[in-house]
$ cat structure-v2.cif   # mmCIF, C-alpha atoms
data_upload
#
loop_
_atom_site.label_atom_id
_atom_site.label_comp_id
_atom_site.auth_asym_id
_atom_site.auth_seq_id
_atom_site.Cartn_x
_atom_site.Cartn_y
_atom_site.Cartn_z
CA MET A 11 -16.07 -11.77 24.58
CA ILE A 12 -19.05 -12.35 26.85
CA GLY A 13 -17.93 -11.24 30.25
CA GLY A 14 -14.71 -9.35 29.71
CA MET A 15 -11.23 -10.23 30.89
CA SER A 16 -9.24 -10.03 34.10
CA ARG A 17 -8.17 -6.95 36.04
CA ILE A 18 -4.58 -7.00 34.68
CA VAL A 19 -5.77 -6.87 31.09
CA ARG A 20 -8.25 -4.09 31.89
CA THR A 21 -5.60 -1.92 33.53
CA MET A 22 -3.16 -2.37 30.67
CA THR A 23 -5.89 -1.63 28.15
CA THR A 24 -6.83 1.64 29.80
CA LEU A 25 -3.14 2.58 29.75
CA ILE A 26 -2.47 1.61 26.13
CA PHE A 27 -5.77 2.64 24.53
CA GLY A 28 -4.99 6.36 24.39
CA PHE A 29 -1.56 5.79 22.90
CA ILE A 30 -2.98 3.59 20.12
CA MET A 31 -5.61 6.23 19.31
CA VAL A 32 -3.05 9.04 19.20
CA TYR A 33 -0.73 6.95 17.01
CA GLY A 34 -3.57 6.24 14.61
CA PHE A 35 -4.45 9.92 14.29
CA TYR A 36 -0.75 10.73 13.83
CA VAL A 37 -0.57 8.28 10.93
CA ILE A 38 -3.69 9.84 9.40
CA ALA A 39 -2.41 13.41 9.73
CA HIS A 40 1.06 12.61 8.35
CA GLY A 41 -0.23 10.56 5.44
CA HIS A 42 1.34 12.83 2.81
CA LEU A 43 4.80 12.79 4.44
CA SER A 44 5.46 9.35 5.88
CA PRO A 45 4.36 5.79 5.16
CA GLY A 46 0.70 5.58 6.03
CA GLY A 47 -2.42 7.51 5.26
CA GLY A 48 -6.11 7.46 5.82
CA PHE A 49 -6.68 3.74 5.43
CA GLN A 50 -3.81 2.61 7.62
CA GLY A 51 -4.47 5.14 10.37
CA GLY A 52 -8.17 4.33 10.38
CA ALA A 53 -7.35 0.63 10.70
CA ILE A 54 -5.06 1.39 13.67
CA VAL A 55 -7.81 3.35 15.47
CA ALA A 56 -10.31 0.58 14.71
CA SER A 57 -7.88 -1.94 16.19
CA ALA A 58 -7.96 0.15 19.38
CA PHE A 59 -11.76 -0.23 19.34
CA ALA A 60 -11.37 -3.98 18.89
CA LEU A 61 -8.98 -4.13 21.85
CA LEU A 62 -11.51 -2.28 24.00
CA LEU A 63 -14.26 -4.62 22.84
CA VAL A 64 -12.27 -7.77 23.63
CA THR A 65 -11.20 -6.51 27.04
CA TYR A 66 -14.43 -5.11 28.46
CA GLY A 67 -17.00 -7.30 26.74
CA THR A 68 -19.87 -6.22 24.56
CA SER A 69 -22.37 -5.17 27.20
CA GLN A 70 -20.15 -2.64 28.96
CA ILE A 71 -18.88 -1.03 25.78
CA GLN A 72 -22.27 0.02 24.41
CA SER A 73 -22.25 3.29 26.33
CA PHE A 74 -18.85 4.28 24.92
CA LEU A 75 -19.10 3.05 21.32
CA SER A 76 -22.46 3.83 19.79
CA LYS A 77 -23.25 2.17 16.48
CA ASP A 78 -25.45 5.05 15.35
CA LEU A 79 -22.72 7.62 15.99
CA LEU A 80 -20.18 5.51 14.07
CA SER A 81 -22.60 5.15 11.14
CA ILE A 82 -23.06 8.92 11.00
CA LEU A 83 -19.27 9.41 11.10
CA GLU A 84 -18.82 6.95 8.25
CA SER A 85 -21.34 8.68 6.02
CA THR A 86 -19.76 12.03 6.90
CA GLY A 87 -16.34 10.80 5.85
CA LEU A 88 -17.54 9.54 2.48
CA VAL A 89 -19.55 12.70 1.78
CA LEU A 90 -16.55 14.89 2.71
CA PHE A 91 -14.33 12.87 0.36
CA ILE A 92 -16.74 13.26 -2.56
CA THR A 93 -17.15 16.95 -1.74
CA PHE A 94 -13.40 17.54 -1.95
CA ALA A 95 -13.40 15.69 -5.24
CA PHE A 96 -16.23 17.84 -6.62
CA LEU A 97 -14.66 21.12 -5.46
CA GLY A 98 -11.92 20.70 -8.04
CA LEU A 99 -14.46 20.51 -10.83
CA GLY A 100 -13.29 23.83 -12.26
CA ALA A 101 -10.50 21.87 -13.93
CA THR A 102 -11.35 18.17 -13.57
CA PHE A 103 -12.87 15.78 -11.08
CA PHE A 104 -10.27 15.09 -8.34
CA TYR A 105 -8.23 18.16 -9.32
CA ASN A 106 -5.87 19.21 -6.54
CA PHE A 107 -6.97 22.85 -6.39
CA VAL A 108 -5.38 23.68 -3.01
CA SER A 109 -1.79 22.69 -3.68
CA ASN A 110 0.71 25.46 -4.48
CA SER A 111 -1.99 28.07 -3.84
CA GLY A 112 -0.51 29.47 -0.63
CA GLY A 113 -3.45 28.95 1.71
CA LEU A 114 -3.92 26.30 4.38
CA PHE A 115 -2.13 23.13 3.21
CA GLY A 116 -1.15 25.07 0.08
CA THR A 117 2.56 25.63 0.66
CA PRO A 118 4.67 24.35 -2.23
CA SER A 119 6.84 21.41 -1.27
CA ALA A 120 10.62 21.46 -1.59
CA ILE A 121 11.78 19.42 -4.58
CA GLY A 122 13.97 16.43 -3.90
CA VAL A 123 14.81 14.75 -0.62
CA ASN A 124 13.67 16.95 2.27
CA PRO A 125 12.44 16.52 5.85
CA GLY A 126 8.92 17.49 4.85
CA ASP A 127 6.43 20.09 6.04
CA LEU A 128 3.00 19.31 7.46
CA ASN A 129 1.51 22.32 5.72
CA THR A 130 1.77 20.89 2.19
CA GLY A 131 -0.18 18.46 0.11
CA GLY A 132 -3.33 20.37 -0.82
CA THR A 133 -6.46 18.24 -0.99
CA ILE A 134 -4.40 15.10 -0.32
CA THR A 135 -4.18 15.96 3.38
CA LEU A 136 -7.87 16.82 3.58
CA MET A 137 -8.87 13.64 1.74
CA ASN A 138 -6.62 11.64 4.07
CA MET A 139 -8.57 12.95 7.04
CA ALA A 140 -11.94 12.29 5.37
CA VAL A 141 -11.01 8.74 4.36
CA GLY A 142 -9.44 8.12 7.77
CA LEU A 143 -12.72 9.11 9.40
CA GLU A 144 -14.61 6.81 7.06
CA VAL A 145 -12.38 3.77 7.53
CA LEU A 146 -12.25 4.25 11.31
CA ALA A 147 -16.03 4.34 11.55
CA ALA A 148 -16.60 1.54 9.02
CA LEU A 149 -14.26 -0.94 10.70
CA GLY A 150 -15.63 0.08 14.09
CA VAL A 151 -19.18 -0.63 12.93
CA ILE A 152 -18.11 -4.00 11.49
CA VAL A 153 -16.35 -5.08 14.70
CA LEU A 154 -19.16 -3.83 16.96
CA THR A 155 -21.97 -5.38 14.90
CA MET A 156 -20.30 -8.78 14.59
CA SER A 157 -19.50 -8.85 18.29
CA VAL A 158 -23.05 -7.96 19.36
CA ALA A 159 -24.49 -10.51 16.91
CA SER A 160 -22.18 -13.29 18.10
CA GLU A 161 -23.21 -12.62 21.69
CA THR A 162 -26.88 -12.71 20.74
CA ILE A 163 -26.43 -16.02 18.88
CA HIS A 164 -24.58 -17.43 21.89
CA LYS A 165 -27.43 -16.44 24.22
CA LYS A 166 -30.06 -17.97 21.93
CA GLU A 167 -28.11 -21.23 21.82
CA LYS A 168 -27.98 -21.44 25.61
CA GLN A 169 -31.74 -21.22 25.96
CA MET B 19 -10.24 -36.52 -3.20
CA LYS B 20 -13.76 -37.76 -3.90
CA LYS B 21 -14.17 -35.63 -6.97
CA PRO B 22 -11.65 -36.44 -9.72
CA VAL B 23 -12.76 -33.46 -11.81
CA PHE B 24 -11.70 -31.06 -9.05
CA PHE B 25 -8.40 -32.87 -8.70
CA ILE B 26 -7.65 -32.71 -12.43
CA ALA B 27 -8.58 -29.04 -12.54
CA PHE B 28 -6.36 -28.31 -9.55
CA ILE B 29 -3.37 -30.10 -11.10
CA PHE B 30 -3.96 -28.33 -14.42
CA PHE B 31 -4.14 -24.90 -12.79
CA LEU B 32 -1.03 -25.52 -10.69
CA ALA B 33 0.94 -26.66 -13.74
CA PHE B 34 -0.22 -23.58 -15.64
CA MET B 35 0.97 -21.26 -12.88
CA ILE B 36 4.35 -22.98 -12.56
CA LEU B 37 4.87 -22.74 -16.35
CA VAL B 38 4.04 -19.02 -16.26
CA ALA B 39 6.41 -18.43 -13.35
CA ILE B 40 9.27 -20.18 -15.15
CA GLY B 41 8.80 -17.96 -18.18
CA MET B 42 8.54 -14.83 -16.04
CA ARG B 43 11.03 -12.00 -16.37
CA PRO B 44 13.63 -11.91 -13.58
CA PHE B 45 12.57 -10.45 -10.26
CA GLY B 46 13.59 -6.86 -9.59
CA GLU B 47 13.76 -5.51 -13.15
CA PRO B 48 10.46 -3.98 -14.30
CA ALA B 49 10.06 -4.07 -18.06
CA ILE B 50 8.13 -0.84 -18.68
CA SER B 51 8.12 1.96 -16.14
CA ASN B 52 7.46 5.18 -18.06
CA MET B 53 4.34 6.14 -16.11
CA ASP B 54 5.90 5.42 -12.73
CA ASP B 55 9.03 7.37 -13.60
CA TYR B 56 6.82 10.33 -14.48
CA PHE B 57 5.03 10.02 -11.14
CA ILE B 58 8.29 9.81 -9.19
CA GLU B 59 9.79 12.83 -10.93
CA ASN B 60 6.76 15.17 -11.07
CA ALA B 61 4.66 14.28 -8.04
CA GLN B 62 6.35 16.75 -5.72
CA ALA B 63 6.05 19.69 -8.10
CA GLU B 64 2.46 18.96 -9.11
CA THR B 65 0.82 18.04 -5.83
CA ALA B 66 3.29 19.27 -3.18
CA ALA B 67 3.28 15.99 -1.25
CA ASN B 68 6.35 13.95 -0.37
CA ASN B 69 4.71 10.53 -0.33
CA VAL B 70 4.32 9.41 -3.94
CA VAL B 71 2.06 6.47 -3.07
CA THR B 72 -0.43 8.73 -1.30
CA THR B 73 -0.23 11.12 -4.22
CA ILE B 74 -1.28 8.36 -6.60
CA VAL B 75 -4.00 7.04 -4.30
CA PHE B 76 -5.68 10.38 -3.66
CA ASP B 77 -4.82 12.48 -6.68
CA TYR B 78 -3.76 10.76 -9.88
CA ARG B 79 -6.02 7.74 -9.37
CA GLY B 80 -8.73 9.26 -7.23
CA PHE B 81 -11.46 7.28 -8.95
CA ASP B 82 -9.99 4.06 -7.56
CA THR B 83 -10.22 5.43 -4.06
CA LEU B 84 -13.79 6.60 -4.67
CA GLY B 85 -14.77 3.08 -5.71
CA GLU B 86 -12.93 1.65 -2.76
CA GLY B 87 -14.79 3.87 -0.31
CA THR B 88 -18.04 2.87 -1.96
CA VAL B 89 -17.18 -0.83 -1.60
CA LEU B 90 -16.34 -0.35 2.07
CA PHE B 91 -19.59 1.55 2.65
CA THR B 92 -21.62 -1.13 0.84
CA ALA B 93 -19.99 -3.89 2.88
CA VAL B 94 -20.88 -2.14 6.11
CA VAL B 95 -24.45 -1.61 4.93
CA GLY B 96 -24.65 -5.31 4.03
CA ILE B 97 -23.33 -6.45 7.40
CA VAL B 98 -25.71 -4.20 9.34
CA ALA B 99 -28.63 -5.39 7.22
CA LEU B 100 -27.63 -9.06 7.70
CA PHE B 101 -27.52 -8.81 11.47
CA ARG B 102 -30.68 -6.73 11.85
CA GLU B 103 -32.88 -9.79 12.40
CA VAL B 104 -30.36 -11.51 14.66
CA ALA B 105 -30.11 -8.60 17.07
CA LYS B 106 -33.83 -8.69 17.86
CA MET C 12 15.64 -19.54 -10.36
CA ILE C 13 16.32 -18.57 -6.75
CA GLY C 14 15.99 -14.95 -7.80
CA ASN C 15 12.36 -15.60 -8.62
CA PHE C 16 11.61 -16.71 -5.09
CA PRO C 17 8.72 -14.21 -4.55
CA PHE C 18 6.90 -15.64 -7.56
CA VAL C 19 7.31 -19.16 -6.15
CA THR C 20 5.81 -17.92 -2.89
CA VAL C 21 2.90 -16.46 -4.84
CA ILE C 22 2.31 -19.85 -6.49
CA ILE C 23 2.38 -21.62 -3.12
CA LEU C 24 -0.08 -19.14 -1.59
CA ILE C 25 -2.55 -19.23 -4.49
CA GLY C 26 -2.22 -23.01 -4.78
CA LEU C 27 -3.04 -23.51 -1.10
CA GLY C 28 -5.99 -21.13 -1.41
CA ILE C 29 -7.42 -22.92 -4.44
CA TYR C 30 -6.85 -26.29 -2.76
CA SER C 31 -8.92 -25.25 0.24
CA LEU C 32 -11.60 -23.75 -2.02
CA LEU C 33 -11.96 -26.98 -3.98
CA PHE C 34 -11.55 -29.73 -1.40
CA LYS C 35 -12.61 -28.37 1.97
CA LYS C 36 -16.18 -28.64 3.27
CA ASN C 37 -15.88 -26.20 6.18
CA LEU C 38 -17.09 -22.69 5.35
CA ILE C 39 -14.51 -21.05 7.63
CA LYS C 40 -11.74 -22.90 5.78
CA ILE C 41 -13.18 -21.71 2.48
CA ALA C 42 -13.05 -18.13 3.79
CA ILE C 43 -9.41 -18.71 4.79
CA GLY C 44 -8.72 -19.93 1.26
CA LEU C 45 -10.20 -16.75 -0.20
CA THR C 46 -7.95 -14.65 2.05
CA LEU C 47 -4.91 -16.72 1.04
CA ILE C 48 -5.58 -16.12 -2.67
CA GLU C 49 -5.97 -12.43 -1.92
CA SER C 50 -2.61 -12.28 -0.14
CA GLY C 51 -1.00 -14.10 -3.04
CA VAL C 52 -2.33 -11.59 -5.54
CA ASN C 53 -1.17 -8.68 -3.37
CA LEU C 54 2.31 -10.16 -3.08
CA PHE C 55 2.39 -10.69 -6.84
CA LEU C 56 1.52 -7.04 -7.49
CA ILE C 57 4.17 -5.77 -5.08
CA ALA C 58 6.79 -8.14 -6.50
CA LEU C 59 6.04 -6.92 -10.04
CA GLY C 60 6.85 -3.34 -9.07
CA PHE C 61 10.10 -4.03 -7.26
CA ARG C 62 13.44 -2.66 -8.40
CA LYS C 63 16.78 -3.92 -7.18
CA GLU C 64 18.60 -1.66 -4.69
CA ALA C 65 15.73 0.83 -4.56
CA VAL C 66 13.89 2.47 -1.68
CA ALA C 67 10.21 3.17 -1.05
CA PRO C 68 8.88 6.12 -3.11
CA ILE C 69 8.74 8.59 -0.22
CA TYR C 70 10.91 11.69 -0.34
CA THR C 71 10.81 12.39 3.40
CA GLN C 72 14.29 11.58 4.75
CA ALA C 73 15.14 9.22 1.90
CA PRO C 74 18.79 8.51 1.12
CA GLU C 75 20.23 10.73 -1.62
CA GLY C 76 20.64 9.48 -5.16
CA VAL C 77 18.91 6.11 -4.79
CA LYS C 78 16.37 4.73 -7.24
CA MET C 79 12.78 4.29 -6.14
CA VAL C 80 10.45 1.33 -6.66
CA LEU C 81 7.36 1.70 -8.83
CA PRO C 82 4.62 3.44 -6.82
CA THR C 83 1.53 2.46 -8.83
CA PRO C 84 1.39 -1.25 -7.84
CA GLN C 85 1.75 -0.23 -4.20
CA ALA C 86 -1.17 2.19 -4.49
CA LEU C 87 -3.37 -0.43 -6.18
CA CYS C 88 -2.35 -2.98 -3.57
CA LEU C 89 -3.45 -0.58 -0.83
CA THR C 90 -6.86 -0.41 -2.51
CA SER C 91 -6.96 -4.19 -2.77
CA ILE C 92 -6.16 -4.72 0.91
CA VAL C 93 -9.02 -2.52 2.13
CA ILE C 94 -11.49 -4.16 -0.26
CA GLY C 95 -10.24 -7.54 0.97
CA VAL C 96 -10.95 -6.60 4.58
CA ALA C 97 -14.47 -5.51 3.68
CA THR C 98 -15.29 -8.64 1.67
CA THR C 99 -13.81 -10.93 4.33
CA ALA C 100 -15.99 -9.29 6.97
CA LEU C 101 -19.05 -9.78 4.74
CA VAL C 102 -18.19 -13.44 4.06
CA LEU C 103 -17.70 -14.18 7.76
CA SER C 104 -21.00 -12.47 8.59
CA ILE C 105 -22.81 -14.66 6.07
CA VAL C 106 -21.12 -17.72 7.62
CA MET C 107 -22.40 -16.63 11.04
CA ILE C 108 -25.94 -16.27 9.68
CA ILE C 109 -25.72 -19.73 8.06
CA TYR C 110 -24.52 -21.25 11.33
CA GLN C 111 -27.38 -19.63 13.20
CA ARG C 112 -29.98 -20.89 10.70
CA TYR C 113 -28.72 -24.45 10.13
CA GLY C 114 -26.59 -25.21 13.17
CA THR C 115 -23.67 -26.36 11.00
CA ILE C 116 -21.11 -24.92 8.62
CA ASN C 117 -20.44 -28.09 6.64
CA THR C 118 -21.47 -27.50 3.05
CA ASP C 119 -22.63 -31.09 2.47
CA GLU C 120 -24.96 -31.07 5.47
CA ILE C 121 -26.42 -27.69 4.53
CA ARG C 122 -27.17 -29.01 1.06
CA ARG C 123 -28.76 -32.14 2.51
CA LEU C 124 -30.98 -30.12 4.83
CA ARG C 125 -32.43 -28.19 1.92
CA GLY C 126 -33.33 -31.42 0.13
#

$ encode --input "structure-v2.cif" --output "structure tokens"
Amino acid sequence: MIGGMSRIVRTMTTLIFGFIMVYGFYVIAHGHLSPGGGFQGGAIVASAFALLLVTYGTSQIQSFLSKDLLSILESTGLVLFITFAFLGLGATFFYNFVSNSGGLFGTPSAIGVNPGDLNTGGTITLMNMAVGLEVLAALGVIVLTMSVASETIHKKEKQ
Amino acid sequence: MKKPVFFIAFIFFLAFMILVAIGMRPFGEPAISNMDDYFIENAQAETAANNVVTTIVFDYRGFDTLGEGTVLFTAVVGIVALFREVAK
Amino acid sequence: MIGNFPFVTVIILIGLGIYSLLFKKNLIKIAIGLTLIESGVNLFLIALGFRKEAVAPIYTQAPEGVKMVLPTPQALCLTSIVIGVATTALVLSIVMIIYQRYGTINTDEIRRLRG
């Protein structure tokens, strides 16, 4: 993880990285229709970050992945999640006030086995996105911090 | 195996688990499933989402997910605080 | 008895985890034991909610007229997995700090250094 890997691995990583990111966001956005959701999609995107970190090394990645930006994203995700929970407080905490209301994400779902529509789910879809943002940023911060710290410890040992 | 107390405790715990597993109900036949049957039947009408597991995670049992997000946040805060001195 | 094979697997996983917690001196191996116990508990939860000849509780393109497995254990297991990832990361970070301070991750030597 110190110097980065060979040219073959770098080329393949630049090719694959975008696909992994798009797949992760697809899993987040379709959390109410298919297997997956915020946690799984966030973990997939964070695995893309880990791949980038392993391939390019810690020193080169600092300009692309900023720890401060990821921390802000994480707090934003958690605050958005709690906000969606509080917005349903007219009935109860965590009340799904958007579903079956007809607005954005408010279309009623067909009962029984059906192909599914992206425009359903109410607050579930919104909370999926908020939690996906949080998990993405949290796992990214964990991977980045541990990698930077391991490199620092390695340098101190060499001296 | 320097510590016989650990060894005895390990054997005791393993025997306990094997006894429990022998007396377990057969695999694949849940004993009580009233709540889950309600979720499976009414989740689509009540929350308009097709995935029942996501419905439970984010709607019926939202407090669990709130606690989970808090645990994740606290773990990240702990890791960043642990490595603050190392990074200097 | 062979029908209860998932429960036997749970016992093997938890037994191995507790063995490494009790008898191993290496902190990394202790962390591996914790993760093994966690996987065993997750497998136990999922196995409790299984129904024979049933599909996952997702209505999108599911086969018609088939029973569905219990969704609540799966949801709780999802929670458990994410918490497990967070705690494992925290444990490994503490192991890194200990290695940096003491130069070893053997529990006996750390205890001897402190006197």

$ closest_residue --input "structure-v2.cif" --among "B:Ile97, B:Val23, B:Ala66, B:Ala33" --to "chain C" --atoms "all atoms listed in the file"
B:Ile97

$ atom_distance --input "structure-v2.cif" --atom1 "atom CA of A:Gly87" --atom2 "atom CA of B:Phe91"
10.3 Å

$ axis_aligned_box --input "structure-v2.cif" --around "stretch 60-79 of chain A" --padding-each-side "3 Å" --output "lines of an AutoDock Vina configuration file"
center_x = -17.2
center_y = -0.1
center_z = 22.2
size_x = 22.5
size_y = 21.4
size_z = 19.6

$ resolve_selection --input "structure-v2.cif" --expression "the PyMOL selection byres ((chain C) within 7 of (chain A))" --output "ChimeraX atom specification"
/C:69-73,75,111

$ closest_atom_pairs --input "structure-v2.cif" --of "chain B" --to "chain A" --cutoff "12 Å" --atoms "only C-alpha atoms" --output "tab-separated table"
residue	atom	partner	partner_atom	distance
B:Ile58	CA	A:Gly122	CA	10.2
B:Glu59	CA	A:Gly122	CA	8.9
B:Asn60	CA	A:Ile121	CA	9.2
B:Ala61	CA	A:Ile121	CA	9.4
B:Gln62	CA	A:Ile121	CA	6.2
B:Ala63	CA	A:Ile121	CA	6.7
B:Glu64	CA	A:Ser109	CA	7.8
B:Thr65	CA	A:Ser109	CA	5.7
B:Ala66	CA	A:Ser119	CA	4.6
B:Ala67	CA	A:Gly131	CA	4.5
B:Asn68	CA	A:Leu43	CA	5.2
B:Asn69	CA	A:His42	CA	5.1
B:Val70	CA	A:His42	CA	8.1
B:Val71	CA	A:Pro45	CA	8.6
B:Thr72	CA	A:His42	CA	6.1
B:Thr73	CA	A:Ile134	CA	7.0
B:Ile74	CA	A:Ile134	CA	9.7
B:Val75	CA	A:Ile134	CA	9.0
B:Phe76	CA	A:Ile134	CA	5.9
B:Asp77	CA	A:Phe104	CA	6.3
B:Tyr78	CA	A:Phe104	CA	8.0
B:Arg79	CA	A:Phe104	CA	8.6
B:Gly80	CA	A:Phe104	CA	6.1
B:Phe81	CA	A:Phe104	CA	7.9
B:Asp82	CA	A:Phe104	CA	11.1
B:Thr83	CA	A:Val141	CA	9.1
B:Leu84	CA	A:Ile92	CA	7.6
B:Gly85	CA	A:Leu88	CA	10.8
B:Glu86	CA	A:Val141	CA	10.2
B:Gly87	CA	A:Leu88	CA	6.9
B:Thr88	CA	A:Leu88	CA	8.0
B:Val89	CA	A:Ala148	CA	10.9
B:Leu90	CA	A:Ala148	CA	7.2
B:Phe91	CA	A:Ala148	CA	7.0
B:Thr92	CA	A:Ala148	CA	10.0
B:Ala93	CA	A:Ile152	CA	8.8
B:Val94	CA	A:Ile152	CA	6.3
B:Val95	CA	A:Ser81	CA	9.4
B:Gly96	CA	A:Ile152	CA	10.0
B:Ile97	CA	A:Ile152	CA	7.1
B:Val98	CA	A:Thr155	CA	6.8
B:Ala99	CA	A:Thr155	CA	10.2
B:Leu100	CA	A:Ala159	CA	9.8
B:Phe101	CA	A:Ala159	CA	6.5
B:Arg102	CA	A:Ala159	CA	8.8
B:Glu103	CA	A:Ala159	CA	9.6
B:Val104	CA	A:Ala159	CA	6.4
B:Ala105	CA	A:Ala159	CA	5.9
B:Lys106	CA	A:Thr162	CA	8.5

$ build_atoms --input "structure-v2.cif" --residues "stretch 69-85 of chain B" --atoms "N, CA and C atoms" --output "compact mmCIF listing (two decimals), in the frame of the given file"
# COMPACT_ATOMS: atom_id res chain seq x y z
N ASN B 69 4.97 11.96 -0.22
CA ASN B 69 4.71 10.53 -0.33
C ASN B 69 4.07 10.24 -1.68
N VAL B 70 4.81 9.59 -2.58
CA VAL B 70 4.32 9.41 -3.94
C VAL B 70 3.14 8.44 -3.97
N VAL B 71 3.16 7.44 -3.08
CA VAL B 71 2.06 6.47 -3.07
C VAL B 71 0.75 7.15 -2.70
N THR B 72 0.77 8.00 -1.67
CA THR B 72 -0.43 8.73 -1.30
C THR B 72 -0.87 9.67 -2.40
N THR B 73 0.11 10.25 -3.10
CA THR B 73 -0.23 11.12 -4.22
C THR B 73 -1.01 10.37 -5.28
N ILE B 74 -0.58 9.14 -5.58
CA ILE B 74 -1.28 8.36 -6.60
C ILE B 74 -2.66 7.95 -6.10
N VAL B 75 -2.72 7.53 -4.82
CA VAL B 75 -4.00 7.04 -4.30
C VAL B 75 -5.05 8.14 -4.29
N PHE B 76 -4.67 9.35 -3.86
CA PHE B 76 -5.68 10.38 -3.66
C PHE B 76 -5.75 11.41 -4.78
N ASP B 77 -4.78 11.43 -5.68
CA ASP B 77 -4.82 12.48 -6.68
C ASP B 77 -4.87 11.94 -8.10
N TYR B 78 -3.80 11.22 -8.50
CA TYR B 78 -3.76 10.76 -9.88
C TYR B 78 -4.83 9.71 -10.15
N ARG B 79 -5.03 8.81 -9.19
CA ARG B 79 -6.02 7.74 -9.37
C ARG B 79 -7.11 7.86 -8.33
N GLY B 80 -7.71 9.04 -8.25
CA GLY B 80 -8.73 9.26 -7.23
C GLY B 80 -9.97 8.42 -7.44
N PHE B 81 -10.26 8.07 -8.69
CA PHE B 81 -11.46 7.28 -8.95
C PHE B 81 -11.38 5.92 -8.29
N ASP B 82 -10.17 5.34 -8.25
CA ASP B 82 -9.99 4.06 -7.56
C ASP B 82 -10.40 4.18 -6.10
N THR B 83 -9.93 5.26 -5.48
CA THR B 83 -10.22 5.43 -4.06
C THR B 83 -11.70 5.68 -3.82
N LEU B 84 -12.34 6.38 -4.78
CA LEU B 84 -13.79 6.60 -4.67
C LEU B 84 -14.53 5.27 -4.70
N GLY B 85 -14.15 4.40 -5.65
CA GLY B 85 -14.77 3.08 -5.71
C GLY B 85 -14.50 2.25 -4.47
